[in-house]
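In what follows, a structure is listed as C-alpha cells, so that the remarks can point back to it.
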Amino acid sequence: MSGLVTVVGTGLMGGGMIRTLLRKGYSVGAYDISRDALDRAARDGAIPYNSLQEAVLEADYILLSLPAPQHVRETVGVIAETVRAERGVTLIDFSTIDPATAKDCAQICEEHGISHLEAPVSGGPQGANNGTLAIMVGGRKETFEQARPLLEDLGSNVYYLGETGTAALVKLCNNVVVGATAVALSEAFALASAGGVPPRQLAEVLSKSVGGSRTLEVFGRHLIEGDYSSPTFSLGLMHKDLGLFVDTARKHGITSLIGNLTYQLYTSAQRHGWQREDHTVVCRVIEELSGRPIQR
C-alpha cells in the first residue's frame with residue numbers, strides 16, 4: 001500500500017505495530033508525547049514528528065493507540081481541526097475505549113470529512129510485533145473494505161462487527177473475561193498452594209485440562225513466579241477497561257455481578273499503587289484477603 005501511515009501513540013502496542021508496518025514495506029510516521037517512546041520509534045525506522053499537527057498533516061492513514069477515552073477525544077479533536085478533508089484521510093482508532101466515545105469520535109471525523117474506524121485489538125505487544133493481533137472493527141463497511149489490506153497486515157484475525165460502537169463493546173467483553181479469569185486463577189493458585197501444590201504444577205495440569213485458557217497461557221508466568229514487574233498488560237489499563245465495562249453494562253441495564261466484583265478487586269490493587277505492574281498482580285489482593293501468601 002502506498003502513502004504515509006502515521007501512528008499516534010508509540011508505546012508497547014503502537015511501537016509493535018510500527019515495527020510490523022515497516023517490516024511489510026510501509027512508509028510510517030510516528031508521534032508520541034513521550035520523547036523516549038518517539039525515539040524508539042525513530043530507531044526502528046519510523047519518521048518522527050515533534051507535534052501532532054505535523055504528524056497527521058500529510059498522512060493517508062492515521063492510527064491511534066492511546067491509553068484512555070479522554071486521550072482519544074482530545075487527539076481526534078486536534079486531528080479534525082488539522083487535516084484537510086479533501087485529502088481523503090482515514091483514521092483508525094486501535095485504543096480500548098467505551099462505545100459512546102467511539103461514536104462521538106466517529107461523528108467528529110464525519111463532520112470534518114475524515115473516514116473513521118474503531119479497531120480495538122487483542123494479542124498484546126507480542127501480537128503487535130508479529131502482526132498477529134485479533135482486530136475488532138466497527139464503522140462504515142466501505143471504509144472497512146478500503147482499509148482491510150492494512151488491517152490484515154497488522155492482524156491475523158480481523159473481525160468486522162458492524163456499526164461504530166460494536167467493536168468497543170466486544171473488546172470490553174473480552175477484557176472482563178480476562179480480568180475475571182485472572183481473579184479465578186489467583187484463587188485457584190492460592191488454594192492449591194495452601195494444600196501443598198505449587199503454582200507451576202497446578203498450571204501444568206490446568207493447561208492440559210478444561211480449566212486451561214488463553215489468559216493462563218499469556219499471563220500465567222506472572223502468577224506462577226509471583227513477579228509482576230515486567231507487565232504484559234498493565235494493571236492500570238485493565239482497571240480502566242473494567243471500569244468502562246461496568247459503566248457500559250449499567251447504561252444497557254445489564255446486571256454485572258462478576259464484572260463489578262472483578263472491578264472492585266482491581267480497584268483495591270490500584271489503590272496499592274500497583275498500576276504499572278502486570279494486571280495479574282491482583283493476585284496479591286487475593287493473598288492479602290486470605291491472610292497467607294502463595295508458596296512458590
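Numbering starts fresh at 1 for the residues of each chain in the C-alpha cells, the chains themselves are lettered A, B, ... in the order given, and ligands are numbered from 1 as they appear.
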
Which residues are near Leu63 of chain A? Cut-off 12 Å, only C-alpha atoms, ignore same chain within fewer than 4 positions. Put them as a PDB file with N, CA, C and O atoms, in the first residue's frame.
```pdb
ATOM      1  N   LEU A   4       1.517   7.479   3.295  1.00  0.00           N
ATOM      2  CA  LEU A   4       2.095   7.542   4.633  1.00  0.00           C
ATOM      3  C   LEU A   4       1.088   7.080   5.677  1.00  0.00           C
ATOM      4  O   LEU A   4      -0.047   7.532   5.709  1.00  0.00           O
ATOM      5  N   VAL A   5       1.524   6.167   6.529  1.00  0.00           N
ATOM      6  CA  VAL A   5       0.734   5.718   7.672  1.00  0.00           C
ATOM      7  C   VAL A   5       1.387   6.297   8.929  1.00  0.00           C
ATOM      8  O   VAL A   5       2.544   5.997   9.222  1.00  0.00           O
ATOM      9  N   THR A   6       0.665   7.129   9.656  1.00  0.00           N
ATOM     10  CA  THR A   6       1.210   7.739  10.868  1.00  0.00           C
ATOM     11  C   THR A   6       0.567   7.114  12.092  1.00  0.00           C
ATOM     12  O   THR A   6      -0.653   7.023  12.197  1.00  0.00           O
ATOM     13  N   VAL A   7       1.419   6.674  13.021  1.00  0.00           N
ATOM     14  CA  VAL A   7       0.959   6.069  14.269  1.00  0.00           C
ATOM     15  C   VAL A   7       1.085   7.101  15.379  1.00  0.00           C
ATOM     16  O   VAL A   7       2.175   7.624  15.638  1.00  0.00           O
ATOM     17  N   VAL A   8      -0.014   7.380  16.041  1.00  0.00           N
ATOM     18  CA  VAL A   8      -0.034   8.313  17.171  1.00  0.00           C
ATOM     19  C   VAL A   8      -0.194   7.490  18.444  1.00  0.00           C
ATOM     20  O   VAL A   8      -1.228   6.868  18.667  1.00  0.00           O
ATOM     21  N   GLY A   9       0.853   7.493  19.259  1.00  0.00           N
ATOM     22  CA  GLY A   9       0.906   6.639  20.441  1.00  0.00           C
ATOM     23  C   GLY A   9       1.823   5.473  20.158  1.00  0.00           C
ATOM     24  O   GLY A   9       1.410   4.466  19.596  1.00  0.00           O
ATOM     25  N   THR A  10       3.114   5.626  20.516  1.00  0.00           N
ATOM     26  CA  THR A  10       4.119   4.650  20.096  1.00  0.00           C
ATOM     27  C   THR A  10       4.663   3.855  21.279  1.00  0.00           C
ATOM     28  O   THR A  10       5.847   3.557  21.348  1.00  0.00           O
ATOM     29  N   MET A  13       2.142  -1.180  22.315  1.00  0.00           N
ATOM     30  CA  MET A  13       1.297  -1.632  21.213  1.00  0.00           C
ATOM     31  C   MET A  13       1.564  -0.842  19.938  1.00  0.00           C
ATOM     32  O   MET A  13       1.776  -1.423  18.870  1.00  0.00           O
ATOM     33  N   GLY A  14       1.571   0.485  20.039  1.00  0.00           N
ATOM     34  CA  GLY A  14       1.842   1.306  18.866  1.00  0.00           C
ATOM     35  C   GLY A  14       3.223   1.049  18.302  1.00  0.00           C
ATOM     36  O   GLY A  14       3.409   0.986  17.079  1.00  0.00           O
ATOM     37  N   GLY A  15       4.197   0.872  19.184  1.00  0.00           N
ATOM     38  CA  GLY A  15       5.559   0.580  18.734  1.00  0.00           C
ATOM     39  C   GLY A  15       5.637  -0.745  18.004  1.00  0.00           C
ATOM     40  O   GLY A  15       6.333  -0.879  16.988  1.00  0.00           O
ATOM     41  N   MET A  17       3.184  -2.175  16.357  1.00  0.00           N
ATOM     42  CA  MET A  17       2.527  -2.001  15.058  1.00  0.00           C
ATOM     43  C   MET A  17       3.455  -1.289  14.073  1.00  0.00           C
ATOM     44  O   MET A  17       3.481  -1.619  12.886  1.00  0.00           O
ATOM     45  N   ILE A  18       4.212  -0.320  14.577  1.00  0.00           N
ATOM     46  CA  ILE A  18       5.172   0.379  13.715  1.00  0.00           C
ATOM     47  C   ILE A  18       6.182  -0.600  13.139  1.00  0.00           C
ATOM     48  O   ILE A  18       6.467  -0.603  11.929  1.00  0.00           O
ATOM     49  N   LEU A  21       4.549  -2.748  10.448  1.00  0.00           N
ATOM     50  CA  LEU A  21       4.309  -1.992   9.215  1.00  0.00           C
ATOM     51  C   LEU A  21       5.603  -1.746   8.443  1.00  0.00           C
ATOM     52  O   LEU A  21       5.639  -1.876   7.213  1.00  0.00           O
ATOM     53  N   VAL A  28       6.144   4.895   7.346  1.00  0.00           N
ATOM     54  CA  VAL A  28       5.485   5.071   8.638  1.00  0.00           C
ATOM     55  C   VAL A  28       5.977   6.322   9.347  1.00  0.00           C
ATOM     56  O   VAL A  28       7.187   6.527   9.519  1.00  0.00           O
ATOM     57  N   GLY A  29       5.040   7.157   9.773  1.00  0.00           N
ATOM     58  CA  GLY A  29       5.341   8.294  10.624  1.00  0.00           C
ATOM     59  C   GLY A  29       4.972   7.964  12.057  1.00  0.00           C
ATOM     60  O   GLY A  29       4.207   7.032  12.317  1.00  0.00           O
ATOM     61  N   ALA A  30       5.495   8.742  13.010  1.00  0.00           N
ATOM     62  CA  ALA A  30       5.245   8.442  14.417  1.00  0.00           C
ATOM     63  C   ALA A  30       5.174   9.719  15.242  1.00  0.00           C
ATOM     64  O   ALA A  30       5.936  10.673  15.003  1.00  0.00           O
ATOM     65  N   TYR A  31       4.249   9.703  16.216  1.00  0.00           N
ATOM     66  CA  TYR A  31       4.190  10.802  17.189  1.00  0.00           C
ATOM     67  C   TYR A  31       3.774  10.253  18.548  1.00  0.00           C
ATOM     68  O   TYR A  31       2.886   9.401  18.653  1.00  0.00           O
ATOM     69  N   ASP A  32       4.440  10.761  19.582  1.00  0.00           N
ATOM     70  CA  ASP A  32       4.084  10.421  20.959  1.00  0.00           C
ATOM     71  C   ASP A  32       4.512  11.578  21.853  1.00  0.00           C
ATOM     72  O   ASP A  32       5.524  12.239  21.567  1.00  0.00           O
ATOM     73  N   ALA A  55       2.480  15.638  12.479  1.00  0.00           N
ATOM     74  CA  ALA A  55       2.458  14.195  12.224  1.00  0.00           C
ATOM     75  C   ALA A  55       1.320  13.782  11.306  1.00  0.00           C
ATOM     76  O   ALA A  55       1.463  12.863  10.489  1.00  0.00           O
ATOM     77  N   VAL A  56       0.172  14.442  11.433  1.00  0.00           N
ATOM     78  CA  VAL A  56      -1.006  13.989  10.689  1.00  0.00           C
ATOM     79  C   VAL A  56      -1.258  14.768   9.409  1.00  0.00           C
ATOM     80  O   VAL A  56      -2.101  14.378   8.596  1.00  0.00           O
ATOM     81  N   ALA A  59      -0.513  12.579   6.336  1.00  0.00           N
ATOM     82  CA  ALA A  59      -0.779  11.142   6.459  1.00  0.00           C
ATOM     83  C   ALA A  59      -2.000  10.729   5.647  1.00  0.00           C
ATOM     84  O   ALA A  59      -2.977  11.479   5.533  1.00  0.00           O
ATOM     85  N   VAL A  72      -8.192   9.909  23.532  1.00  0.00           N
ATOM     86  CA  VAL A  72      -8.700   9.741  22.166  1.00  0.00           C
ATOM     87  C   VAL A  72      -9.528  10.951  21.759  1.00  0.00           C
ATOM     88  O   VAL A  72      -9.365  11.488  20.659  1.00  0.00           O
ATOM     89  N   THR A  75      -7.275  13.952  21.074  1.00  0.00           N
ATOM     90  CA  THR A  75      -6.463  13.761  19.865  1.00  0.00           C
ATOM     91  C   THR A  75      -7.303  13.869  18.602  1.00  0.00           C
ATOM     92  O   THR A  75      -6.901  14.511  17.620  1.00  0.00           O
ATOM     93  N   VAL A  76      -8.478  13.253  18.611  1.00  0.00           N
ATOM     94  CA  VAL A  76      -9.367  13.329  17.441  1.00  0.00           C
ATOM     95  C   VAL A  76      -9.774  14.775  17.189  1.00  0.00           C
ATOM     96  O   VAL A  76      -9.852  15.216  16.035  1.00  0.00           O
ATOM     97  N   ILE A  79      -6.873  16.474  15.456  1.00  0.00           N
ATOM     98  CA  ILE A  79      -6.737  15.957  14.090  1.00  0.00           C
ATOM     99  C   ILE A  79      -7.820  16.539  13.180  1.00  0.00           C
ATOM    100  O   ILE A  79      -7.553  16.945  12.044  1.00  0.00           O
ATOM    101  N   VAL A  89      -8.455  11.283   4.078  1.00  0.00           N
ATOM    102  CA  VAL A  89      -7.733  10.639   5.175  1.00  0.00           C
ATOM    103  C   VAL A  89      -8.637   9.647   5.909  1.00  0.00           C
ATOM    104  O   VAL A  89      -9.838   9.883   6.072  1.00  0.00           O
ATOM    105  N   THR A  90      -8.040   8.544   6.365  1.00  0.00           N
ATOM    106  CA  THR A  90      -8.760   7.568   7.185  1.00  0.00           C
ATOM    107  C   THR A  90      -8.100   7.470   8.552  1.00  0.00           C
ATOM    108  O   THR A  90      -6.881   7.273   8.646  1.00  0.00           O
ATOM    109  N   LEU A  91      -8.898   7.617   9.599  1.00  0.00           N
ATOM    110  CA  LEU A  91      -8.413   7.479  10.969  1.00  0.00           C
ATOM    111  C   LEU A  91      -8.898   6.142  11.518  1.00  0.00           C
ATOM    112  O   LEU A  91     -10.093   5.843  11.480  1.00  0.00           O
ATOM    113  N   ILE A  92      -7.962   5.335  12.014  1.00  0.00           N
ATOM    114  CA  ILE A  92      -8.300   4.044  12.620  1.00  0.00           C
ATOM    115  C   ILE A  92      -7.851   4.078  14.076  1.00  0.00           C
ATOM    116  O   ILE A  92      -6.659   4.242  14.367  1.00  0.00           O
ATOM    117  N   ASP A  93      -8.805   3.919  14.976  1.00  0.00           N
ATOM    118  CA  ASP A  93      -8.505   4.004  16.407  1.00  0.00           C
ATOM    119  C   ASP A  93      -8.390   2.607  17.006  1.00  0.00           C
ATOM    120  O   ASP A  93      -9.374   1.888  17.137  1.00  0.00           O
ATOM    121  N   PHE A  94      -7.166   2.223  17.375  1.00  0.00           N
ATOM    122  CA  PHE A  94      -6.897   0.914  17.963  1.00  0.00           C
ATOM    123  C   PHE A  94      -6.994   0.933  19.492  1.00  0.00           C
ATOM    124  O   PHE A  94      -6.765  -0.090  20.141  1.00  0.00           O
ATOM    125  N   SER A  95      -7.308   2.066  20.073  1.00  0.00           N
ATOM    126  CA  SER A  95      -7.382   2.193  21.525  1.00  0.00           C
ATOM    127  C   SER A  95      -8.578   1.419  22.075  1.00  0.00           C
ATOM    128  O   SER A  95      -9.559   1.165  21.378  1.00  0.00           O
ATOM    129  N   SER A 115     -12.633   9.742   7.179  1.00  0.00           N
ATOM    130  CA  SER A 115     -13.178   8.403   7.369  1.00  0.00           C
ATOM    131  C   SER A 115     -12.693   7.855   8.710  1.00  0.00           C
ATOM    132  O   SER A 115     -11.555   8.109   9.118  1.00  0.00           O
ATOM    133  N   HIS A 116     -13.550   7.086   9.391  1.00  0.00           N
ATOM    134  CA  HIS A 116     -13.228   6.635  10.744  1.00  0.00           C
ATOM    135  C   HIS A 116     -13.563   5.156  10.926  1.00  0.00           C
ATOM    136  O   HIS A 116     -14.610   4.683  10.463  1.00  0.00           O
ATOM    137  N   LEU A 117     -12.665   4.443  11.587  1.00  0.00           N
ATOM    138  CA  LEU A 117     -12.932   3.083  12.038  1.00  0.00           C
ATOM    139  C   LEU A 117     -12.464   2.951  13.480  1.00  0.00           C
ATOM    140  O   LEU A 117     -11.429   3.504  13.859  1.00  0.00           O
ATOM    141  N   GLU A 118     -13.233   2.236  14.288  1.00  0.00           N
ATOM    142  CA  GLU A 118     -12.737   1.817  15.603  1.00  0.00           C
ATOM    143  C   GLU A 118     -12.194   0.408  15.412  1.00  0.00           C
ATOM    144  O   GLU A 118     -12.807  -0.407  14.717  1.00  0.00           O
ATOM    145  N   ALA A 119     -11.051   0.125  16.010  1.00  0.00           N
ATOM    146  CA  ALA A 119     -10.417  -1.176  15.777  1.00  0.00           C
ATOM    147  C   ALA A 119      -9.615  -1.627  16.997  1.00  0.00           C
ATOM    148  O   ALA A 119      -8.399  -1.831  16.912  1.00  0.00           O
ATOM    149  N   PRO A 120     -10.264  -1.797  18.154  1.00  0.00           N
ATOM    150  CA  PRO A 120      -9.526  -2.274  19.325  1.00  0.00           C
ATOM    151  C   PRO A 120      -8.935  -3.655  19.058  1.00  0.00           C
ATOM    152  O   PRO A 120      -9.469  -4.423  18.243  1.00  0.00           O
ATOM    153  N   ALA A 147      -9.794  -0.281   4.037  1.00  0.00           N
ATOM    154  CA  ALA A 147      -8.683  -0.395   4.987  1.00  0.00           C
ATOM    155  C   ALA A 147      -8.285  -1.839   5.267  1.00  0.00           C
ATOM    156  O   ALA A 147      -7.294  -2.084   5.958  1.00  0.00           O
ATOM    157  N   LEU A 150      -4.542  -3.052   5.065  1.00  0.00           N
ATOM    158  CA  LEU A 150      -3.734  -2.542   6.166  1.00  0.00           C
ATOM    159  C   LEU A 150      -4.030  -3.310   7.447  1.00  0.00           C
ATOM    160  O   LEU A 150      -3.120  -3.731   8.172  1.00  0.00           O
ATOM    161  N   LEU A 151      -5.303  -3.511   7.739  1.00  0.00           N
ATOM    162  CA  LEU A 151      -5.690  -4.228   8.957  1.00  0.00           C
ATOM    163  C   LEU A 151      -5.173  -5.662   8.937  1.00  0.00           C
ATOM    164  O   LEU A 151      -4.707  -6.179   9.962  1.00  0.00           O
ATOM    165  N   LEU A 154      -1.679  -6.076   9.950  1.00  0.00           N
ATOM    166  CA  LEU A 154      -1.436  -5.917  11.389  1.00  0.00           C
ATOM    167  C   LEU A 154      -2.006  -7.060  12.215  1.00  0.00           C
ATOM    168  O   LEU A 154      -1.551  -7.298  13.340  1.00  0.00           O
TER     169      LEU A 154
END
```

Residues of segment 108-218 of chain A within 12 Å of segment 263-272 of chain A: nearest atom pair and distance (Å, one decimal) for each, counting only C-alpha atoms, sorted by chain and number, as JSON lines?
```
{"residue": "A:Asn175", "atom": "CA", "partner": "A:Tyr263", "partner_atom": "CA", "distance": 11.1}
{"residue": "A:Val176", "atom": "CA", "partner": "A:Tyr263", "partner_atom": "CA", "distance": 8.6}
{"residue": "A:Val177", "atom": "CA", "partner": "A:Tyr263", "partner_atom": "CA", "distance": 11.5}
{"residue": "A:Val178", "atom": "CA", "partner": "A:Tyr263", "partner_atom": "CA", "distance": 11.8}
{"residue": "A:Gly179", "atom": "CA", "partner": "A:Tyr263", "partner_atom": "CA", "distance": 8.3}
{"residue": "A:Ala180", "atom": "CA", "partner": "A:Tyr263", "partner_atom": "CA", "distance": 8.7}
{"residue": "A:Ala182", "atom": "CA", "partner": "A:Tyr266", "partner_atom": "CA", "distance": 10.4}
{"residue": "A:Val183", "atom": "CA", "partner": "A:Leu265", "partner_atom": "CA", "distance": 8.3}
{"residue": "A:Ala184", "atom": "CA", "partner": "A:Leu265", "partner_atom": "CA", "distance": 11.5}
{"residue": "A:Ser186", "atom": "CA", "partner": "A:Leu265", "partner_atom": "CA", "distance": 11.5}
```

Filtering to C-alpha atoms, could you give me those residues as a short mmCIF file (atom, residue, chain, number, x, y, z; two decimals), in the first residue's frame?
```cif
data_model
loop_
_atom_site.label_atom_id
_atom_site.label_comp_id
_atom_site.auth_asym_id
_atom_site.auth_seq_id
_atom_site.Cartn_x
_atom_site.Cartn_y
_atom_site.Cartn_z
CA ASN A 175 -11.26 -7.82 28.84
CA VAL A 176 -13.78 -8.55 31.59
CA VAL A 177 -13.35 -12.24 30.78
CA VAL A 178 -9.56 -11.85 31.02
CA GLY A 179 -9.76 -9.93 34.30
CA ALA A 180 -12.27 -12.30 35.90
CA ALA A 182 -7.10 -13.80 36.34
CA VAL A 183 -9.00 -13.50 39.63
CA ALA A 184 -10.25 -17.09 39.38
CA SER A 186 -5.41 -16.36 41.62
#
```

message = If we count only C-alpha atoms and set the cut-off at 7 Å, which residues sit around Pro125 of chain A, ignoring sequence neighbours fewer than 4 positions away in its own chain? Please answer as an MDAnalysis selection string.
response = chainID A and resid 12:13 16 129

request  = Considering only C-alpha atoms, return as an MDAnalysis selection string whatever protein or nucleic-acid residues lie within 9 Å of segment 284-295 of chain A, sequence-local ones (same chain, fewer than 2 positions apart) excluded.
outcome  = chainID A and resid 183 186:187 189:194 196:199 226 265:266 268:269 280:282

inquiry  = Please determine, counting only C-alpha atoms, which residue among A:Leu172, A:Leu22, A:Ala134, A:Ala100 has the shortest atom-to-atom distance to Lys251 of chain A.
reply    =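 For Lys251 of chain A, the nearest of the candidates is A:Ala100.
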
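On the backbone of this structure, DSSP gives strand (DSSP E) within segment 123-280 of chain A to A:Leu133, A:Ala134, A:Ile135, A:Met136, A:Val137, A:Gly138, A:Gly139, A:Gly155, A:Ser156, A:Asn157, A:Val158, A:Tyr159, A:Tyr160, A:Leu161, A:Gly162.
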
key: Nearby residues (only C-alpha atoms) at most 10 Å from Ala249 of chain A, same-chain spacing under 3 positions excluded, as an MDAnalysis selection string   = chainID A and resid 169 172:173 243:246 252:256 259:260

Hey, can you spit out that residue selection with all heavy atoms as a CSV table (one decimal), in the first residue's frame?
```
chain,number,residue,atom,x,y,z
A,169,LEU,N,-17.5,-2.4,22.3
A,169,LEU,CA,-18.3,-3.3,23.2
A,169,LEU,C,-17.7,-4.7,23.3
A,169,LEU,O,-17.5,-5.2,24.4
A,169,LEU,CB,-19.7,-3.4,22.7
A,169,LEU,CG,-20.8,-4.0,23.6
A,169,LEU,CD1,-21.0,-3.1,24.8
A,169,LEU,CD2,-22.1,-4.2,22.9
A,172,LEU,N,-14.4,-4.7,25.4
A,172,LEU,CA,-14.7,-4.6,26.8
A,172,LEU,C,-15.2,-6.0,27.4
A,172,LEU,O,-14.8,-6.4,28.5
A,172,LEU,CB,-15.7,-3.5,27.2
A,172,LEU,CG,-15.3,-2.1,26.8
A,172,LEU,CD1,-16.4,-1.1,27.3
A,172,LEU,CD2,-14.0,-1.7,27.5
A,173,CYS,N,-16.0,-6.7,26.6
A,173,CYS,CA,-16.4,-8.0,26.9
A,173,CYS,C,-15.2,-8.9,27.0
A,173,CYS,O,-15.1,-9.8,27.9
A,173,CYS,CB,-17.4,-8.5,25.9
A,173,CYS,SG,-19.0,-7.7,26.0
A,243,GLY,N,-13.5,-0.7,34.4
A,243,GLY,CA,-14.4,0.4,34.8
A,243,GLY,C,-15.3,0.8,33.6
A,243,GLY,O,-16.5,1.0,33.8
A,244,LEU,N,-14.8,0.7,32.4
A,244,LEU,CA,-15.6,1.0,31.2
A,244,LEU,C,-16.6,-0.1,31.0
A,244,LEU,O,-17.8,0.2,30.6
A,244,LEU,CB,-14.7,1.1,30.0
A,244,LEU,CG,-13.7,2.3,30.0
A,244,LEU,CD1,-12.8,2.3,28.7
A,244,LEU,CD2,-14.5,3.7,30.0
A,245,PHE,N,-16.3,-1.3,31.3
A,245,PHE,CA,-17.2,-2.4,31.1
A,245,PHE,C,-18.4,-2.2,32.1
A,245,PHE,O,-19.6,-2.3,31.7
A,245,PHE,CB,-16.6,-3.8,31.4
A,245,PHE,CG,-17.5,-4.9,31.4
A,245,PHE,CD1,-17.8,-5.6,30.2
A,245,PHE,CD2,-18.1,-5.3,32.6
A,245,PHE,CE1,-18.8,-6.6,30.2
A,245,PHE,CE2,-19.1,-6.4,32.6
A,245,PHE,CZ,-19.4,-7.0,31.4
A,246,VAL,N,-18.1,-2.0,33.4
A,246,VAL,CA,-19.1,-1.8,34.4
A,246,VAL,C,-20.0,-0.7,34.0
A,246,VAL,O,-21.3,-0.8,34.1
A,246,VAL,CB,-18.5,-1.6,35.8
A,246,VAL,CG1,-19.5,-1.2,36.8
A,246,VAL,CG2,-17.8,-2.9,36.2
A,252,HIS,N,-26.7,-0.1,29.7
A,252,HIS,CA,-27.5,-1.0,29.0
A,252,HIS,C,-28.5,-1.7,29.9
A,252,HIS,O,-29.3,-2.6,29.4
A,252,HIS,CB,-26.7,-2.0,28.2
A,252,HIS,CG,-26.1,-1.5,27.0
A,252,HIS,ND1,-26.7,-1.5,25.7
A,252,HIS,CD2,-24.8,-0.9,26.7
A,252,HIS,CE1,-25.9,-1.0,24.8
A,252,HIS,NE2,-24.8,-0.6,25.4
A,253,GLY,N,-28.4,-1.5,31.2
A,253,GLY,CA,-29.3,-2.1,32.1
A,253,GLY,C,-29.0,-3.6,32.4
A,253,GLY,O,-29.9,-4.4,32.7
A,254,ILE,N,-27.7,-4.0,32.2
A,254,ILE,CA,-27.3,-5.3,32.4
A,254,ILE,C,-26.7,-5.5,33.8
A,254,ILE,O,-25.9,-4.8,34.2
A,254,ILE,CB,-26.2,-5.7,31.3
A,254,ILE,CG1,-26.7,-5.6,29.9
A,254,ILE,CG2,-25.7,-7.1,31.6
A,254,ILE,CD1,-27.9,-6.5,29.6
A,255,THR,N,-27.2,-6.6,34.5
A,255,THR,CA,-26.7,-6.9,35.8
A,255,THR,C,-25.3,-7.5,35.6
A,255,THR,O,-25.0,-8.4,34.8
A,255,THR,CB,-27.6,-8.0,36.5
A,255,THR,OG1,-28.9,-7.4,36.6
A,255,THR,CG2,-27.0,-8.3,37.8
A,256,SER,N,-24.3,-6.9,36.4
A,256,SER,CA,-22.9,-7.3,36.2
A,256,SER,C,-22.4,-7.7,37.6
A,256,SER,O,-21.8,-6.9,38.3
A,256,SER,CB,-22.1,-6.2,35.6
A,256,SER,OG,-20.7,-6.6,35.6
A,259,GLY,N,-18.5,-8.9,36.8
A,259,GLY,CA,-17.8,-7.7,36.4
A,259,GLY,C,-17.5,-6.7,37.5
A,259,GLY,O,-16.4,-6.1,37.6
A,260,ASN,N,-18.6,-6.4,38.3
A,260,ASN,CA,-18.4,-5.5,39.4
A,260,ASN,C,-17.4,-6.0,40.4
A,260,ASN,O,-16.6,-5.2,40.9
A,260,ASN,CB,-19.8,-5.2,40.0
A,260,ASN,CG,-20.5,-4.0,39.4
A,260,ASN,OD1,-20.1,-2.9,39.7
A,260,ASN,ND2,-21.6,-4.2,38.7
```

ask   = If you measure from atom CA of Thr20 of chain A to atom CA of Gly3 of chain A, what distance in Å do you get, rounded to one decimal?
value =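 Interatomic distance, atom CA of Thr20 of chain A to atom CA of Gly3 of chain A: 16.0 Å.
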
Spatial neighbours of Phe219 of chain A, max dist 10 Å, only C-alpha atoms, sep filter under 2 positions, as a ChimeraX atom specification = /A:178,182,213-217,221-224,228,231-233,278-280

ask   = What is the atom CA of Ala68 of chain A-atom CA of Arg23 of chain A distance in Å, reported with one decimal?
value =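 We find that atom CA of Ala68 of chain A and atom CA of Arg23 of chain A lie 27.9 Å from each other.
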
remark   = The residue from A:Val210, A:Val158, A:Ala203, A:Val121 with the smallest atom-to-atom distance to Asn174 of chain A, counting only C-alpha atoms, is A:Val121

task = Tell me, in Å to one decimal, how far atom CA of Ser51 of chain A is from atom CA of Met136 of chain A.
result = 28.7 Å

task = Within segment 33-257 of chain A, find each residue whose DSSP state, derived from the backbone, is helix (DSSP H, G or I), and express the selection as a PyMOL selection string.
result = chain A and resi 35-44+52-56+69-82+85-87+99-111+124-130+141-154+166-194+199-207+214-225+235-251+257
